[in-house]
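First the structure, in the form of structure tokens, and then the observations on it.
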Amino acid sequence: MKNNYKKVSSHGSINIPVAMRREIGIQGGDPMEVALNNGVVTVKPYTPRCVFCGSTENVKKLFGKGICPECAAKAVQKMEGSGK
Ligand SMILES: [Zn+2]
């Protein structure tokens with residue numbers, strides 16, 4: 001893929017070309033992970049992580065936070081066990 005030259009906005013934003021967004025499957029509003037390594041900034045889709053146990057396996061987003069199936073099942077048990 002050819003290099004693209006982009007200007008940084010006054011807010012620090014850079015537009016990612018639509019072809020690149022399509023290729024890696026990101027949409028507006030998706031969380032991205034930004035890292036700095038020896039002067040090179042890398043930007044990649046943020047892998048959702050379970051906020052309860054830290055797992056990255058089959059994590060789904062719930063109200064903007066990650067949750068894994070195991071913790072979701074525990075949450076259901078907890079709610080059902082509340083007596084309401
Ligand atoms: Zn979990």
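Ordering of the structure tokens sets the chain letters (A, B, ...), residue numbers begin anew at 1 in every chain, and ligands are numbered from 1 in the order given.
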
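Those residues that approach Cys53 of chain A to within 10 Å, counting only C-alpha atoms, are Ile67, Cys68, Glu70 and Cys71 of chain A; same-chain residues fewer than 6 positions away are not listed.
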
Output file for the selection above: N, CA and C atoms, as a CSV table (one decimal), in the first residue's frame:
```
chain,number,residue,atom,x,y,z
A,67,ILE,N,-17.0,-7.0,28.0
A,67,ILE,CA,-17.3,-8.0,29.0
A,67,ILE,C,-17.2,-9.4,28.3
A,68,CYS,N,-16.6,-10.4,29.0
A,68,CYS,CA,-16.4,-11.7,28.4
A,68,CYS,C,-17.6,-12.6,28.8
A,70,GLU,N,-17.8,-15.4,30.3
A,70,GLU,CA,-17.8,-15.9,31.7
A,70,GLU,C,-18.3,-14.9,32.7
A,71,CYS,N,-17.8,-13.6,32.5
A,71,CYS,CA,-18.2,-12.6,33.5
A,71,CYS,C,-19.7,-12.2,33.2
```

Could you give me, as a PDB file with C-alpha atoms, in the first residue's frame, every polymer residue with an atom at most 12 Å away from an atom of ligand 1, counting only C-alpha atoms and all ligand atoms?
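Output file out.pdb is given in full below:
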```
ATOM      1  CA  PRO A  48     -11.824  -4.968  23.621  1.00  0.00           C
ATOM      2  CA  ARG A  49     -10.835  -6.322  27.005  1.00  0.00           C
ATOM      3  CA  CYS A  50     -13.144  -7.603  29.724  1.00  0.00           C
ATOM      4  CA  VAL A  51     -13.299  -4.875  32.369  1.00  0.00           C
ATOM      5  CA  PHE A  52     -13.850  -7.500  35.076  1.00  0.00           C
ATOM      6  CA  CYS A  53     -11.193 -10.170  34.467  1.00  0.00           C
ATOM      7  CA  GLY A  54      -8.984  -8.659  31.742  1.00  0.00           C
ATOM      8  CA  SER A  55      -9.664 -11.432  29.208  1.00  0.00           C
ATOM      9  CA  THR A  56      -9.612 -10.644  25.477  1.00  0.00           C
ATOM     10  CA  GLU A  57     -11.421 -13.876  24.483  1.00  0.00           C
ATOM     11  CA  ASN A  58     -14.832 -13.355  22.812  1.00  0.00           C
ATOM     12  CA  VAL A  59     -15.218  -9.996  24.509  1.00  0.00           C
ATOM     13  CA  LYS A  60     -18.415  -8.114  23.642  1.00  0.00           C
ATOM     14  CA  LYS A  61     -19.153  -4.464  24.191  1.00  0.00           C
ATOM     15  CA  LYS A  65     -17.295  -1.480  28.114  1.00  0.00           C
ATOM     16  CA  GLY A  66     -15.932  -4.938  27.320  1.00  0.00           C
ATOM     17  CA  ILE A  67     -17.306  -8.034  28.998  1.00  0.00           C
ATOM     18  CA  CYS A  68     -16.407 -11.697  28.397  1.00  0.00           C
ATOM     19  CA  PRO A  69     -18.975 -14.546  28.299  1.00  0.00           C
ATOM     20  CA  GLU A  70     -17.793 -15.910  31.665  1.00  0.00           C
ATOM     21  CA  CYS A  71     -18.221 -12.586  33.479  1.00  0.00           C
ATOM     22  CA  ALA A  72     -21.535 -11.955  31.674  1.00  0.00           C
ATOM     23  CA  ALA A  73     -22.788 -15.341  32.945  1.00  0.00           C
ATOM     24  CA  LYS A  74     -21.618 -14.488  36.471  1.00  0.00           C
ATOM     25  CA  ALA A  75     -23.372 -11.122  36.238  1.00  0.00           C
TER      26      ALA A  75
END
```

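Those residues that approach segment 3-17 of chain A to within 12 Å, counting only C-alpha atoms, are Arg21, Arg22, Glu23, Ile24, Gly25, Ile26, Gln27, Gly28, Met32, Val34, Val41, Val43 and Lys44 of chain A; same-chain residues fewer than 4 positions away are not listed.
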
Store the residues picked out above in a file with N, CA and C atoms, as a tab-separated table (two decimals), in the first residue's frame.
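out_16.tsv was written with the following content:
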```tsv
chain	number	residue	atom	x	y	z
A	21	ARG	N	-9.31	2.22	6.22
A	21	ARG	CA	-10.33	1.93	7.23
A	21	ARG	C	-11.11	0.68	6.84
A	22	ARG	N	-11.45	0.61	5.54
A	22	ARG	CA	-12.19	-0.57	5.07
A	22	ARG	C	-11.35	-1.82	5.22
A	23	GLU	N	-10.06	-1.70	4.89
A	23	GLU	CA	-9.20	-2.88	4.91
A	23	GLU	C	-9.10	-3.49	6.31
A	24	ILE	N	-9.02	-2.64	7.34
A	24	ILE	CA	-8.90	-3.19	8.68
A	24	ILE	C	-10.22	-3.20	9.43
A	25	GLY	N	-11.30	-2.77	8.76
A	25	GLY	CA	-12.63	-2.90	9.33
A	25	GLY	C	-12.94	-1.98	10.49
A	26	ILE	N	-12.51	-0.73	10.39
A	26	ILE	CA	-12.85	0.22	11.45
A	26	ILE	C	-13.87	1.24	10.95
A	27	GLN	N	-14.66	1.72	11.89
A	27	GLN	CA	-15.68	2.72	11.59
A	27	GLN	C	-15.51	3.90	12.54
A	28	GLY	N	-16.16	5.00	12.21
A	28	GLY	CA	-16.12	6.18	13.07
A	28	GLY	C	-16.58	5.82	14.47
A	32	MET	N	-9.32	3.10	19.19
A	32	MET	CA	-8.06	2.74	18.56
A	32	MET	C	-6.96	2.81	19.60
A	34	VAL	N	-3.14	3.69	20.27
A	34	VAL	CA	-2.05	4.49	19.71
A	34	VAL	C	-0.80	4.24	20.53
A	41	VAL	N	4.75	6.32	15.33
A	41	VAL	CA	3.45	6.19	15.97
A	41	VAL	C	2.67	5.11	15.23
A	43	VAL	N	-1.03	3.05	15.01
A	43	VAL	CA	-2.44	3.13	15.37
A	43	VAL	C	-3.09	1.84	14.93
A	44	LYS	N	-3.75	1.14	15.87
A	44	LYS	CA	-4.41	-0.11	15.50
A	44	LYS	C	-5.72	-0.23	16.25
```

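Here the residues within chain A that DSSP labels helix (DSSP H, G or I) on the basis of the backbone are Val18, Ala19, Met20, Arg21, Arg22, Glu23, Ile24, Pro69, Glu70, Cys71, Ala72, Ala73, Lys74, Ala75, Val76, Gln77, Lys78, Met79 and Glu80 of chain A.
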
Once you have the residues from the selection above, write them out as an mmCIF file, in the first residue's frame, restricted to N, CA and C atoms.
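Saved to out.cif:
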```cif
data_model
loop_
_atom_site.group_PDB
_atom_site.id
_atom_site.type_symbol
_atom_site.label_atom_id
_atom_site.label_comp_id
_atom_site.auth_asym_id
_atom_site.auth_seq_id
_atom_site.Cartn_x
_atom_site.Cartn_y
_atom_site.Cartn_z
ATOM 1 N N VAL A 18 -10.053 6.198 3.698
ATOM 2 C CA VAL A 18 -11.173 5.256 3.739
ATOM 3 C C VAL A 18 -10.757 3.860 3.284
ATOM 4 N N ALA A 19 -9.855 3.761 2.325
ATOM 5 C CA ALA A 19 -9.418 2.440 1.855
ATOM 6 C C ALA A 19 -8.753 1.662 2.983
ATOM 7 N N MET A 20 -7.976 2.375 3.804
ATOM 8 C CA MET A 20 -7.307 1.711 4.936
ATOM 9 C C MET A 20 -8.328 1.329 6.000
ATOM 10 N N ARG A 21 -9.308 2.223 6.216
ATOM 11 C CA ARG A 21 -10.333 1.928 7.230
ATOM 12 C C ARG A 21 -11.115 0.681 6.837
ATOM 13 N N ARG A 22 -11.447 0.607 5.540
ATOM 14 C CA ARG A 22 -12.190 -0.572 5.067
ATOM 15 C C ARG A 22 -11.349 -1.823 5.216
ATOM 16 N N GLU A 23 -10.061 -1.701 4.885
ATOM 17 C CA GLU A 23 -9.200 -2.880 4.911
ATOM 18 C C GLU A 23 -9.095 -3.487 6.312
ATOM 19 N N ILE A 24 -9.023 -2.637 7.335
ATOM 20 C CA ILE A 24 -8.899 -3.188 8.685
ATOM 21 C C ILE A 24 -10.222 -3.197 9.429
ATOM 22 N N PRO A 69 -17.814 -13.681 28.032
ATOM 23 C CA PRO A 69 -18.975 -14.546 28.299
ATOM 24 C C PRO A 69 -19.006 -15.056 29.743
ATOM 25 N N GLU A 70 -17.840 -15.388 30.306
ATOM 26 C CA GLU A 70 -17.793 -15.910 31.665
ATOM 27 C C GLU A 70 -18.296 -14.862 32.668
ATOM 28 N N CYS A 71 -17.812 -13.638 32.538
ATOM 29 C CA CYS A 71 -18.221 -12.586 33.479
ATOM 30 C C CYS A 71 -19.682 -12.202 33.242
ATOM 31 N N ALA A 72 -20.137 -12.255 31.970
ATOM 32 C CA ALA A 72 -21.535 -11.955 31.674
ATOM 33 C C ALA A 72 -22.427 -12.988 32.362
ATOM 34 N N ALA A 73 -22.011 -14.276 32.307
ATOM 35 C CA ALA A 73 -22.788 -15.341 32.945
ATOM 36 C C ALA A 73 -22.827 -15.140 34.457
ATOM 37 N N LYS A 74 -21.666 -14.748 35.027
ATOM 38 C CA LYS A 74 -21.618 -14.488 36.471
ATOM 39 C C LYS A 74 -22.523 -13.320 36.837
ATOM 40 N N ALA A 75 -22.535 -12.296 35.979
ATOM 41 C CA ALA A 75 -23.372 -11.122 36.238
ATOM 42 C C ALA A 75 -24.845 -11.516 36.241
ATOM 43 N N VAL A 76 -25.231 -12.383 35.288
ATOM 44 C CA VAL A 76 -26.629 -12.847 35.218
ATOM 45 C C VAL A 76 -26.978 -13.619 36.482
ATOM 46 N N GLN A 77 -26.076 -14.521 36.900
ATOM 47 C CA GLN A 77 -26.300 -15.297 38.134
ATOM 48 C C GLN A 77 -26.495 -14.372 39.318
ATOM 49 N N LYS A 78 -25.643 -13.348 39.392
ATOM 50 C CA LYS A 78 -25.691 -12.400 40.500
ATOM 51 C C LYS A 78 -27.033 -11.666 40.507
ATOM 52 N N MET A 79 -27.466 -11.242 39.322
ATOM 53 C CA MET A 79 -28.737 -10.514 39.227
ATOM 54 C C MET A 79 -29.908 -11.415 39.570
ATOM 55 N N GLU A 80 -29.857 -12.648 39.065
ATOM 56 C CA GLU A 80 -30.957 -13.571 39.324
ATOM 57 C C GLU A 80 -31.001 -13.993 40.782
#
```
